[in-house]
$ cat target_9.txt   # compact mmCIF, C-alpha atoms
# COMPACT_ATOMS: atom_id res chain seq x y z
CA MET A 740 2.22 -24.46 5.38
CA ASN A 741 -0.87 -22.45 6.38
CA SER A 742 1.20 -20.51 8.93
CA LYS A 743 3.67 -19.50 6.20
CA LYS A 744 1.01 -18.53 3.67
CA PRO A 745 0.66 -14.87 4.85
CA TYR A 746 4.44 -14.37 4.52
CA LEU A 747 4.50 -15.84 1.02
CA VAL A 748 1.57 -13.66 0.05
CA VAL A 749 3.25 -10.43 1.20
CA VAL A 750 6.40 -11.34 -0.78
CA LEU A 751 4.21 -11.75 -3.87
CA ILE A 752 2.46 -8.44 -3.19
CA GLN A 753 5.74 -6.52 -2.88
CA THR A 754 7.08 -8.08 -6.09
CA ILE A 755 3.90 -6.98 -7.86
CA PHE A 756 4.36 -3.45 -6.52
CA CYS A 757 7.95 -3.37 -7.79
CA GLY A 758 6.74 -4.07 -11.32
CA TYR A 759 4.12 -1.36 -10.86
CA PHE A 760 6.71 1.26 -9.84
CA LEU A 761 8.90 0.50 -12.84
CA LEU A 762 6.22 0.18 -15.52
CA SER A 763 4.20 3.21 -14.44
CA LYS A 764 7.33 5.42 -14.31
CA VAL A 765 8.34 4.36 -17.83
CA ALA A 766 4.78 4.95 -19.09
CA PHE A 767 4.68 8.43 -17.55
CA ASP A 768 8.05 9.22 -19.16
CA ARG A 769 6.52 8.18 -22.48
CA GLY A 770 3.74 10.77 -22.03
CA LEU A 771 0.90 8.84 -20.37
CA ASN A 772 -1.34 11.27 -18.44
CA THR A 773 -1.47 10.31 -14.77
CA PHE A 774 -5.20 11.06 -14.36
CA VAL A 775 -6.08 9.09 -17.50
CA PHE A 776 -3.90 6.27 -16.18
CA THR A 777 -5.95 6.10 -12.97
CA VAL A 778 -9.25 5.86 -14.87
CA TYR A 779 -8.08 3.12 -17.24
CA ARG A 780 -6.41 1.01 -14.56
CA GLN A 781 -9.46 1.10 -12.27
CA ALA A 782 -11.79 0.29 -15.18
CA ALA A 783 -9.55 -2.64 -16.16
CA ALA A 784 -9.57 -3.91 -12.57
CA THR A 785 -13.37 -3.63 -12.43
CA PHE A 786 -13.91 -5.74 -15.55
CA PHE A 787 -11.28 -8.24 -14.44
CA LEU A 788 -12.89 -8.82 -11.03
CA LEU A 789 -16.54 -8.66 -12.12
CA PRO A 790 -17.02 -12.30 -13.24
CA PHE A 791 -15.24 -13.65 -10.14
CA SER A 792 -17.42 -11.49 -7.88
CA LEU A 793 -20.61 -12.67 -9.56
CA ILE A 794 -19.62 -16.34 -9.51
CA PHE A 795 -18.19 -16.67 -5.99
CA GLU A 796 -19.87 -14.04 -3.80
CA TRP A 797 -22.93 -12.48 -5.41
CA LYS A 798 -25.50 -14.99 -4.12
CA ASN A 799 -24.29 -15.00 -0.51
CA ALA A 800 -23.18 -11.36 -0.30
CA PRO A 801 -24.72 -9.12 2.39
CA ARG A 802 -27.26 -6.54 1.30
CA LEU A 803 -25.84 -3.20 0.22
CA SER A 804 -27.48 -0.57 2.37
CA PHE A 805 -27.28 3.18 1.72
CA THR A 806 -24.88 3.57 4.65
CA ILE A 807 -22.50 0.95 3.27
CA LEU A 808 -22.62 2.55 -0.19
CA CYS A 809 -21.71 5.92 1.35
CA LYS A 810 -18.79 4.32 3.20
CA ILE A 811 -17.58 2.68 -0.03
CA PHE A 812 -17.84 6.00 -1.90
CA LEU A 813 -15.85 7.93 0.72
CA PHE A 814 -13.28 5.18 1.18
CA SER A 815 -12.79 4.97 -2.59
CA LEU A 816 -12.48 8.75 -2.96
CA PHE A 817 -9.80 9.25 -0.31
CA GLY A 818 -8.23 5.80 -0.06
CA ILE A 819 -7.95 4.95 -3.77
CA THR A 820 -8.79 7.74 -6.24
CA SER A 821 -6.94 10.56 -4.45
CA THR A 822 -4.08 8.24 -3.48
CA LEU A 823 -3.51 7.08 -7.07
CA ASN A 824 -3.77 10.53 -8.66
CA ILE A 825 -1.38 12.11 -6.17
CA TYR A 826 0.99 9.14 -6.51
CA GLY A 827 1.07 9.58 -10.29
CA MET A 828 1.91 13.26 -9.99
CA GLY A 829 4.63 12.48 -7.44
CA LEU A 830 6.22 9.76 -9.56
CA ASN A 831 6.47 12.23 -12.45
CA TYR A 832 8.95 14.20 -10.32
CA ALA A 833 10.73 11.24 -8.74
CA THR A 834 12.20 7.80 -9.44
CA PRO A 835 10.85 4.27 -8.83
CA THR A 836 13.41 3.86 -6.03
CA LEU A 837 12.16 7.00 -4.27
CA ALA A 838 8.57 5.81 -4.67
CA ALA A 839 9.45 2.44 -3.13
CA ALA A 840 11.46 4.09 -0.35
CA GLY A 841 8.64 6.53 0.38
CA SER A 842 6.20 3.65 0.73
CA ASN A 843 8.22 2.56 3.78
CA CYS A 844 6.71 5.51 5.62
CA VAL A 845 3.37 3.74 5.37
CA PRO A 846 3.82 1.43 8.40
CA ALA A 847 4.74 4.29 10.74
CA ILE A 848 1.89 6.45 9.42
CA THR A 849 -0.46 3.47 9.65
CA PHE A 850 0.55 2.91 13.26
CA PHE A 851 0.04 6.61 13.99
CA PHE A 852 -3.49 6.59 12.55
CA ALA A 853 -4.24 3.30 14.33
CA LEU A 854 -3.07 4.96 17.54
CA LEU A 855 -5.40 7.92 16.99
CA LEU A 856 -8.31 5.57 16.30
CA ARG A 857 -7.42 3.51 19.41
CA GLU A 858 -6.64 0.36 17.47
CA GLU A 859 -3.06 0.44 18.79
CA THR A 860 -1.56 1.50 22.11
CA VAL A 861 1.82 2.83 23.28
CA LYS A 862 2.94 2.36 26.87
CA ILE A 863 5.48 5.14 27.36
CA GLY A 864 8.25 4.18 29.79
CA THR A 865 8.30 0.50 28.85
CA ILE A 866 10.91 -0.96 26.49
CA PRO A 867 8.35 -2.01 23.83
CA GLY A 868 6.62 1.38 24.02
CA ASN A 869 9.91 3.25 23.70
CA ALA A 870 10.84 1.04 20.73
CA LYS A 871 7.62 2.05 18.97
CA VAL A 872 8.27 5.74 19.57
CA ALA A 873 11.91 5.42 18.45
CA GLY A 874 10.76 3.63 15.32
CA ILE A 875 8.35 6.42 14.41
CA VAL A 876 11.08 9.03 14.96
CA ALA A 877 13.50 7.02 12.78
CA CYS A 878 10.89 6.84 10.01
CA MET A 879 10.41 10.60 10.17
CA GLY A 880 14.18 11.05 9.95
CA GLY A 881 14.32 8.70 6.99
CA ALA A 882 11.58 10.61 5.18
CA ALA A 883 13.40 13.90 5.82
CA THR A 884 16.66 12.40 4.52
CA LEU A 885 14.95 11.26 1.34
CA ALA A 886 13.47 14.69 0.74
CA PHE A 887 16.33 17.02 1.62
CA TYR A 888 19.55 15.04 1.08
CA LYS A 889 20.45 13.41 -2.23
CA GLY A 890 24.22 12.95 -1.84
CA PRO A 891 26.54 11.36 -4.40
CA GLN A 892 25.22 9.35 -7.30
CA LEU A 893 25.60 5.58 -7.14
CA ARG A 894 25.51 4.50 -10.77
CA PRO A 895 25.04 0.81 -11.57
CA LEU A 896 28.10 -0.95 -12.97
CA PHE A 897 25.92 -2.43 -15.72
CA HIS A 898 22.29 -2.93 -16.62
CA LEU A 899 20.48 -5.47 -18.70
CA PHE A 900 18.58 -3.03 -20.92
CA LYS A 901 17.04 0.42 -20.92
CA ILE A 902 13.47 0.93 -22.04
CA LYS A 903 13.19 3.54 -24.75
CA GLY A 904 11.70 6.77 -23.42
CA HIS A 905 12.69 6.12 -19.80
CA GLN A 906 14.71 8.92 -18.20
CA ALA A 907 17.46 7.46 -16.04
CA HIS A 908 18.93 10.81 -15.03
CA GLY A 909 18.21 12.46 -11.69
CA THR A 910 15.99 15.44 -11.00
CA ASN A 911 16.79 18.88 -9.64
CA GLY A 912 16.38 19.80 -6.00
CA LYS A 913 12.98 21.56 -6.21
CA THR A 914 11.50 18.83 -8.38
CA TRP A 915 12.86 16.14 -6.04
CA ILE A 916 11.29 17.79 -2.97
CA LYS A 917 7.99 18.25 -4.81
CA GLY A 918 8.01 14.57 -5.73
CA CYS A 919 8.77 13.58 -2.12
CA PHE A 920 5.94 15.76 -0.79
CA LEU A 921 3.38 14.33 -3.23
CA LEU A 922 4.48 10.74 -2.59
CA LEU A 923 4.33 11.33 1.18
CA THR A 924 0.80 12.73 0.84
CA SER A 925 -0.25 9.73 -1.23
CA ASN A 926 1.29 7.32 1.27
CA SER A 927 -0.47 9.08 4.16
CA LEU A 928 -3.85 8.65 2.48
CA TYR A 929 -3.01 5.03 1.73
CA ALA A 930 -1.98 4.40 5.36
CA LEU A 931 -5.24 5.85 6.61
CA SER A 932 -7.14 3.63 4.17
CA LEU A 933 -5.38 0.54 5.57
CA VAL A 934 -6.68 1.32 9.04
CA LEU A 935 -10.19 2.19 7.89
CA GLN A 936 -10.30 -0.87 5.63
CA VAL A 937 -10.41 -3.10 8.71
CA ARG A 938 -13.67 -1.46 9.76
CA LEU A 939 -15.05 -1.52 6.22
CA ILE A 940 -14.41 -5.27 5.91
CA LYS A 941 -16.26 -5.88 9.18
CA THR A 942 -19.21 -3.90 7.80
CA TYR A 943 -19.18 -5.70 4.45
CA PRO A 944 -17.21 -8.99 4.70
CA ALA A 945 -17.59 -10.07 1.02
CA LYS A 946 -13.96 -9.23 0.18
CA LEU A 947 -14.02 -9.92 -3.55
CA LEU A 948 -17.24 -8.05 -4.19
CA LEU A 949 -16.09 -5.19 -1.96
CA THR A 950 -12.84 -4.89 -3.95
CA ASN A 951 -14.85 -4.85 -7.18
CA LEU A 952 -17.17 -2.13 -5.90
CA LEU A 953 -14.21 -0.02 -4.77
CA CYS A 954 -12.54 -0.34 -8.18
CA PHE A 955 -15.76 0.58 -10.00
CA THR A 956 -16.43 3.57 -7.75
CA SER A 957 -12.87 4.88 -8.07
CA ALA A 958 -13.03 4.51 -11.87
CA ILE A 959 -16.14 6.74 -11.96
CA GLN A 960 -14.57 9.23 -9.56
CA GLY A 961 -11.31 9.25 -11.50
CA PHE A 962 -13.15 9.87 -14.77
CA ALA A 963 -14.99 12.85 -13.28
CA ILE A 964 -11.66 14.34 -12.19
CA ALA A 965 -9.79 13.49 -15.41
CA ILE A 966 -12.27 15.11 -17.81
CA VAL A 967 -11.89 18.35 -15.87
CA VAL A 968 -8.09 18.23 -15.68
CA GLU A 969 -7.38 16.76 -19.14
CA ARG A 970 -9.75 17.68 -22.01
CA ASP A 971 -7.46 16.72 -24.90
CA SER A 972 -9.01 13.63 -26.51
CA ASN A 973 -5.60 12.52 -27.81
CA GLU A 974 -4.49 11.86 -24.24
CA TRP A 975 -7.12 9.12 -23.99
CA LYS A 976 -5.92 7.20 -27.05
CA LEU A 977 -3.90 4.04 -26.45
CA ASP A 978 -1.60 2.04 -28.73
CA TRP A 979 0.11 -1.34 -28.37
CA ASN A 980 3.04 -0.01 -26.33
CA VAL A 981 4.32 0.31 -22.76
CA LYS A 982 1.43 2.64 -21.87
CA LEU A 983 -1.12 -0.08 -22.54
CA LEU A 984 1.10 -2.62 -20.76
CA ALA A 985 1.33 -0.39 -17.66
CA ILE A 986 -2.45 0.09 -17.58
CA ALA A 987 -3.15 -3.63 -18.04
CA TYR A 988 -0.59 -4.57 -15.38
CA ALA A 989 -1.88 -1.96 -12.91
CA GLY A 990 -5.51 -2.88 -13.51
CA PHE A 991 -5.36 -6.66 -13.76
CA VAL A 992 -2.40 -7.52 -11.55
CA VAL A 993 -2.03 -4.67 -9.03
CA MET A 994 -5.65 -3.74 -8.40
CA GLY A 995 -7.22 -7.00 -9.49
CA VAL A 996 -4.89 -9.45 -7.76
CA SER A 997 -2.79 -7.66 -5.16
CA TYR A 998 -5.64 -5.59 -3.76
CA TYR A 999 -7.63 -8.74 -3.07
CA LEU A 1000 -4.53 -10.33 -1.52
CA GLN A 1001 -4.08 -7.24 0.69
CA THR A 1002 -7.69 -7.51 1.82
CA TRP A 1003 -7.07 -11.16 2.75
CA ILE A 1004 -3.84 -10.31 4.62
CA ILE A 1005 -5.46 -7.45 6.55
CA GLU A 1006 -8.31 -9.72 7.63
CA LYS A 1007 -5.90 -12.48 8.75
CA LYS A 1008 -3.01 -10.48 10.22
CA GLY A 1009 -4.13 -6.84 10.51
CA SER A 1010 -3.17 -3.59 8.80
CA VAL A 1011 0.18 -3.12 10.56
CA PHE A 1012 1.42 -6.56 9.43
CA MET A 1013 0.62 -5.68 5.82
CA ALA A 1014 2.37 -2.32 6.06
CA MET A 1015 5.48 -3.84 7.68
CA SER A 1016 6.30 -5.85 4.56
CA SER A 1017 7.12 -2.73 2.51
CA PRO A 1018 10.95 -2.77 3.11
CA LEU A 1019 11.11 -5.86 0.94
CA GLY A 1020 9.57 -3.86 -1.90
CA LEU A 1021 12.33 -1.22 -1.54
CA ILE A 1022 15.09 -3.83 -1.87
CA ILE A 1023 13.48 -5.43 -4.92
CA THR A 1024 12.84 -2.05 -6.59
CA ILE A 1025 16.40 -0.74 -6.05
CA PHE A 1026 17.81 -3.86 -7.65
CA CYS A 1027 15.36 -3.99 -10.56
CA SER A 1028 15.44 -0.27 -11.42
CA SER A 1029 19.25 -0.29 -11.47
CA PHE A 1030 19.70 -3.66 -13.21
CA PHE A 1031 16.92 -3.43 -15.79
CA LEU A 1032 16.62 0.32 -16.42
CA GLY A 1033 20.02 1.72 -15.41
CA ASP A 1034 18.45 4.15 -12.91
CA ILE A 1035 20.74 6.26 -10.74
CA THR A 1036 20.48 5.63 -7.01
CA TYR A 1037 21.51 8.43 -4.64
CA LEU A 1038 23.29 7.96 -1.34
CA GLY A 1039 20.49 9.91 0.37
CA SER A 1040 17.97 7.35 -0.86
CA ILE A 1041 20.05 4.51 0.62
CA LEU A 1042 20.55 6.28 3.98
CA GLY A 1043 16.89 7.31 4.15
CA GLY A 1044 15.85 3.77 3.28
CA ILE A 1045 18.04 2.37 6.06
CA LEU A 1046 16.46 4.72 8.60
CA LEU A 1047 12.99 3.82 7.36
CA VAL A 1048 13.62 0.08 7.50
CA GLY A 1049 15.23 0.38 10.94
CA GLY A 1050 12.28 2.41 12.18
CA LEU A 1051 9.77 -0.03 10.77
CA TYR A 1052 11.25 -3.02 12.49
CA SER A 1053 11.67 -1.10 15.72
CA VAL A 1054 7.91 -0.53 15.69
CA LEU A 1055 7.35 -4.17 14.73
CA TRP A 1056 9.62 -5.43 17.53
CA GLY A 1057 7.85 -3.23 20.09
CA LYS A 1058 4.47 -4.42 18.88
CA SER A 1059 5.47 -8.09 19.07
CA LYS A 1060 6.92 -7.70 22.58
CA GLU A 1061 3.78 -5.96 23.82
CA GLN A 1062 1.66 -8.71 22.32
CA MET A 1063 3.75 -11.38 24.07
CA LEU A 1064 3.38 -9.56 27.40
CA ASN A 1065 -0.37 -9.20 26.90
CA ASN A 1066 -0.69 -12.90 26.09
CA LYS A 1067 1.23 -13.81 29.27
CA ASN A 1068 -0.94 -11.50 31.35
CA ASN A 1069 -4.10 -12.95 29.82
CA MET A 1070 -2.92 -16.50 30.54
CA LYS A 1071 -2.07 -15.52 34.12
CA SER A 1072 -5.45 -13.87 34.58
CA THR A 1073 -7.25 -16.92 33.17
CA ALA A 1074 -5.29 -19.25 35.44
CA GLU A 1075 -6.13 -17.10 38.48
CA LYS A 1076 -9.84 -17.13 37.60
CA GLU A 1077 -9.81 -20.91 37.18
CA LEU A 1078 -8.06 -21.26 40.57
CA VAL A 1079 -10.69 -19.08 42.27
CA ILE A 1080 -13.49 -21.14 40.71
CA ARG A 1081 -11.90 -24.39 41.89
CA VAL A 1082 -11.47 -23.03 45.43
CA GLU A 1083 -15.10 -21.94 45.51
CA GLN A 1084 -16.19 -25.37 44.27
CA ILE A 1085 -14.14 -27.09 46.99
CA ASN A 1086 -15.48 -24.80 49.71
CA GLY A 1087 -19.03 -25.32 48.44
CA SER A 1088 -18.71 -29.06 48.60
$ encode --input "target_9.txt" --output "structure tokens"
Amino acid sequence: MNSKKPYLVVVLIQTIFCGYFLLSKVAFDRGLNTFVFTVYRQAAATFFLLPFSLIFEWKNAPRLSFTILCKIFLFSLFGITSTLNIYGMGLNYATPTLAAAGSNCVPAITFFFALLLREETVKIGTIPGNAKVAGIVACMGGAATLAFYKGPQLRPLFHLFKIKGHQAHGTNGKTWIKGCFLLLTSNSLYALSLVLQVRLIKTYPAKLLLTNLLCFTSAIQGFAIAIVVERDSNEWKLDWNVKLLAIAYAGFVVMGVSYYLQTWIIEKKGSVFMAMSSPLGLIITIFCSSFFLGDITYLGSILGGILLVGGLYSVLWGKSKEQMLNNKNNMKSTAEKELVIRVEQINGS
């Protein structure tokens, strides 16, 4: 069961993200300011995680040095605050399906950043190495297809219900491209944060407390940005509606629960493993946005998604094959060393 736990956890994470895509899009359509949304959701996550951090990790947590605090501030600024604000702007111009499809660029971008930081390698000329390169190219093609080709509309035959205020119609070409660009920028920052998070966890291994500190820091940063961008006090008022539900879900469930689960997955399996689970989120989101909200899915989104998923698993296959070869070589090298030691012992006796 323990061997299956990481796979069950990533399924749960992607299901949580699907709900986030749908609820946040509906809330934005209802007039929720994206910068205000970031502040409230991070504040909600901070208060949600605070008692757990104090109870389970505060006494045994490592000391917070000035260097670690600086790393947390910078990681929060670029990996969380900027990512969330840019994502919100992008989703205003796009659909939940496009947001989920765009997130499938994350594994290829993550691998690219990991390659630059020498956490991953590519052996050009070998089958696994070529598979990695082909996968990255396929992901780039999928992203281009999403941005520049919409194609015919694929309307759902029926849907369960449509939330009042949600816009199920498509967007024009310029708006669509703008949404794609913003979502791609957000995903790139997120991918870089996945790679850097591995190093941050090694520096400060108290995962729950680290997540809490990141949420608190990003809430402060988001507030500083929001009061400059949005000065209308009415934008900060909340009622008992889908806006409050989206904030509570994003803060308590997405940032409070899934972010901790991501930290656990990255520690156990690495950043690339976490990123490779995103195609499942696309499938769940396409189904839910069409069935529950009556969203229109474009042929370009399907074709781009297929290219992205194919590229992702090409990279994953290449990575797994290289790992198998490395394990065999390590076993062979260990066996040869043991043989040399035994020969030397026999000769010595």
$ closest_residue --input "target_9.txt" --among "A:Ala882, A:Ile866, A:Val845, A:Ile807" --to "Leu939 in chain A" --atoms "only C-alpha atoms"
A:Ile807
$ atom_distance --input "target_9.txt" --atom1 "CA of Ser1016 in chain A" --atom2 "CA of Val750 in chain A"
7.7 Å
$ closest_atom_pairs --input "target_9.txt" --of "range 856-961 of chain A" --to "range 790-797 of chain A" --cutoff "8 Å" --atoms "all atoms listed in the file" --output "JSON lines"
{"residue": "A:Ala945", "atom": "CA", "partner": "A:Glu796", "partner_atom": "CA", "distance": 6.6}
{"residue": "A:Leu947", "atom": "CA", "partner": "A:Ser792", "partner_atom": "CA", "distance": 5.7}
{"residue": "A:Leu948", "atom": "CA", "partner": "A:Ser792", "partner_atom": "CA", "distance": 5.0}
{"residue": "A:Asn951", "atom": "CA", "partner": "A:Ser792", "partner_atom": "CA", "distance": 7.2}
$ atom_distance --input "target_9.txt" --atom1 "CA of Ser927 in chain A" --atom2 "CA of Ile848 in chain A"
6.3 Å
$ atom_distance --input "target_9.txt" --atom1 "CA of Leu855 in chain A" --atom2 "CA of Phe756 in chain A"
27.9 Å
$ closest_residue --input "target_9.txt" --among "A:Asn824, A:Thr1024, A:Asn831, A:Ser957" --to "Gly770 in chain A" --atoms "only C-alpha atoms"
A:Asn831
$ closest_residue --input "target_9.txt" --among "A:Gln960, A:Thr942, A:Asn980, A:Ser763" --to "Ala838 in chain A" --atoms "only C-alpha atoms"
A:Ser763
$ closest_residue --input "target_9.txt" --among "A:Tyr1037, A:Phe1012, A:Phe760, A:Trp979" --to "Tyr888 in chain A" --atoms "only C-alpha atoms"
A:Tyr1037
$ residues_around --input "target_9.txt" --residues "Gln1001 in chain A" --least-positions-apart "3" --cutoff "10 Å" --atoms "only C-alpha atoms" --output "PyMOL selection string"
chain A and resi 745+748-749+752+933+994+996-998+1004-1007+1009-1010+1013-1014
$ residues_around --input "target_9.txt" --residues "Gly868 in chain A" --least-positions-apart "2" --cutoff "12 Å" --atoms "all atoms listed in the file" --output "list in words"
Glu859, Thr860, Val861, Lys862, Ile863, Gly864, Thr865, Ile866, Ala870, Lys871, Val872, Ala873, Gly874, Ile875, Ser1053, Val1054, Leu1055, Trp1056, Gly1057, Lys1058, Ser1059, Lys1060, Glu1061, Gln1062 and Leu1064 of chain A
$ residues_near_point --input "target_9.txt" --point "(-10.5, 2.4, -16.8)" --cutoff "12 Å" --atoms "all atoms listed in the file" --output "compact mmCIF listing (two decimals) with C-alpha atoms, in the coordinates of the input"
# COMPACT_ATOMS: atom_id res chain seq x y z
CA PHE A 774 -5.20 11.06 -14.36
CA VAL A 775 -6.08 9.09 -17.50
CA PHE A 776 -3.90 6.27 -16.18
CA THR A 777 -5.95 6.10 -12.97
CA VAL A 778 -9.25 5.86 -14.87
CA TYR A 779 -8.08 3.12 -17.24
CA ARG A 780 -6.41 1.01 -14.56
CA GLN A 781 -9.46 1.10 -12.27
CA ALA A 782 -11.79 0.29 -15.18
CA ALA A 783 -9.55 -2.64 -16.16
CA ALA A 784 -9.57 -3.91 -12.57
CA THR A 785 -13.37 -3.63 -12.43
CA PHE A 786 -13.91 -5.74 -15.55
CA PHE A 787 -11.28 -8.24 -14.44
CA THR A 820 -8.79 7.74 -6.24
CA CYS A 954 -12.54 -0.34 -8.18
CA PHE A 955 -15.76 0.58 -10.00
CA THR A 956 -16.43 3.57 -7.75
CA SER A 957 -12.87 4.88 -8.07
CA ALA A 958 -13.03 4.51 -11.87
CA ILE A 959 -16.14 6.74 -11.96
CA GLN A 960 -14.57 9.23 -9.56
CA GLY A 961 -11.31 9.25 -11.50
CA PHE A 962 -13.15 9.87 -14.77
CA ALA A 963 -14.99 12.85 -13.28
CA ALA A 965 -9.79 13.49 -15.41
CA TRP A 975 -7.12 9.12 -23.99
CA LEU A 977 -3.90 4.04 -26.45
CA LEU A 983 -1.12 -0.08 -22.54
CA ILE A 986 -2.45 0.09 -17.58
CA ALA A 987 -3.15 -3.63 -18.04
CA ALA A 989 -1.88 -1.96 -12.91
CA GLY A 990 -5.51 -2.88 -13.51
CA PHE A 991 -5.36 -6.66 -13.76
CA MET A 994 -5.65 -3.74 -8.40
$ closest_residue --input "target_9.txt" --among "A:Ser932, A:Ser972, A:Ser1017, A:Asn772" --to "Leu816 in chain A" --atoms "all atoms listed in the file"
A:Ser932
$ closest_residue --input "target_9.txt" --among "A:Leu953, A:Cys919, A:Leu762, A:Leu830" --to "Gly818 in chain A" --atoms "only C-alpha atoms"
A:Leu953
$ build_atoms --input "target_9.txt" --residues "range 753-768 of chain A" --atoms "N, CA, C and O atoms" --output "JSON list (two decimals), in the frame of the given file"
[["chain", "number", "residue", "atom", "x", "y", "z"],
["A", 753, "GLN", "N", 4.66, -7.49, -2.70],
["A", 753, "GLN", "CA", 5.74, -6.52, -2.88],
["A", 753, "GLN", "C", 6.43, -6.66, -4.23],
["A", 753, "GLN", "O", 6.87, -5.68, -4.82],
["A", 754, "THR", "N", 6.52, -7.88, -4.74],
["A", 754, "THR", "CA", 7.08, -8.08, -6.09],
["A", 754, "THR", "C", 6.18, -7.46, -7.14],
["A", 754, "THR", "O", 6.65, -6.85, -8.11],
["A", 755, "ILE", "N", 4.87, -7.60, -6.95],
["A", 755, "ILE", "CA", 3.90, -6.98, -7.86],
["A", 755, "ILE", "C", 4.04, -5.46, -7.83],
["A", 755, "ILE", "O", 4.04, -4.79, -8.88],
["A", 756, "PHE", "N", 4.20, -4.90, -6.64],
["A", 756, "PHE", "CA", 4.36, -3.45, -6.52],
["A", 756, "PHE", "C", 5.63, -2.96, -7.20],
["A", 756, "PHE", "O", 5.66, -1.87, -7.77],
["A", 757, "CYS", "N", 6.69, -3.74, -7.12],
["A", 757, "CYS", "CA", 7.95, -3.37, -7.79],
["A", 757, "CYS", "C", 7.71, -3.20, -9.29],
["A", 757, "CYS", "O", 8.15, -2.21, -9.89],
["A", 758, "GLY", "N", 7.05, -4.17, -9.89],
["A", 758, "GLY", "CA", 6.74, -4.07, -11.32],
["A", 758, "GLY", "C", 5.87, -2.86, -11.62],
["A", 758, "GLY", "O", 6.03, -2.21, -12.66],
["A", 759, "TYR", "N", 4.99, -2.53, -10.69],
["A", 759, "TYR", "CA", 4.12, -1.36, -10.86],
["A", 759, "TYR", "C", 4.94, -0.06, -10.85],
["A", 759, "TYR", "O", 4.73, 0.82, -11.69],
["A", 760, "PHE", "N", 5.86, 0.06, -9.90],
["A", 760, "PHE", "CA", 6.71, 1.26, -9.84],
["A", 760, "PHE", "C", 7.47, 1.46, -11.15],
["A", 760, "PHE", "O", 7.52, 2.57, -11.69],
["A", 761, "LEU", "N", 8.06, 0.40, -11.65],
["A", 761, "LEU", "CA", 8.90, 0.50, -12.84],
["A", 761, "LEU", "C", 8.07, 0.79, -14.09],
["A", 761, "LEU", "O", 8.39, 1.71, -14.86],
["A", 762, "LEU", "N", 7.01, 0.02, -14.30],
["A", 762, "LEU", "CA", 6.22, 0.18, -15.52],
["A", 762, "LEU", "C", 5.49, 1.52, -15.56],
["A", 762, "LEU", "O", 5.44, 2.18, -16.62],
["A", 763, "SER", "N", 4.93, 1.95, -14.44],
["A", 763, "SER", "CA", 4.20, 3.21, -14.44],
["A", 763, "SER", "C", 5.16, 4.39, -14.66],
["A", 763, "SER", "O", 4.81, 5.34, -15.38],
["A", 764, "LYS", "N", 6.36, 4.34, -14.09],
["A", 764, "LYS", "CA", 7.33, 5.42, -14.31],
["A", 764, "LYS", "C", 7.72, 5.50, -15.78],
["A", 764, "LYS", "O", 7.77, 6.60, -16.36],
["A", 765, "VAL", "N", 7.98, 4.37, -16.41],
["A", 765, "VAL", "CA", 8.34, 4.36, -17.83],
["A", 765, "VAL", "C", 7.18, 4.89, -18.68],
["A", 765, "VAL", "O", 7.38, 5.67, -19.61],
["A", 766, "ALA", "N", 5.95, 4.48, -18.34],
["A", 766, "ALA", "CA", 4.78, 4.95, -19.09],
["A", 766, "ALA", "C", 4.59, 6.45, -18.95],
["A", 766, "ALA", "O", 4.26, 7.14, -19.93],
["A", 767, "PHE", "N", 4.81, 6.99, -17.74],
["A", 767, "PHE", "CA", 4.68, 8.43, -17.55],
["A", 767, "PHE", "C", 5.76, 9.18, -18.34],
["A", 767, "PHE", "O", 5.52, 10.25, -18.89],
["A", 768, "ASP", "N", 6.97, 8.62, -18.37],
["A", 768, "ASP", "CA", 8.05, 9.22, -19.16],
["A", 768, "ASP", "C", 7.72, 9.22, -20.65],
["A", 768, "ASP", "O", 8.19, 10.09, -21.40]]
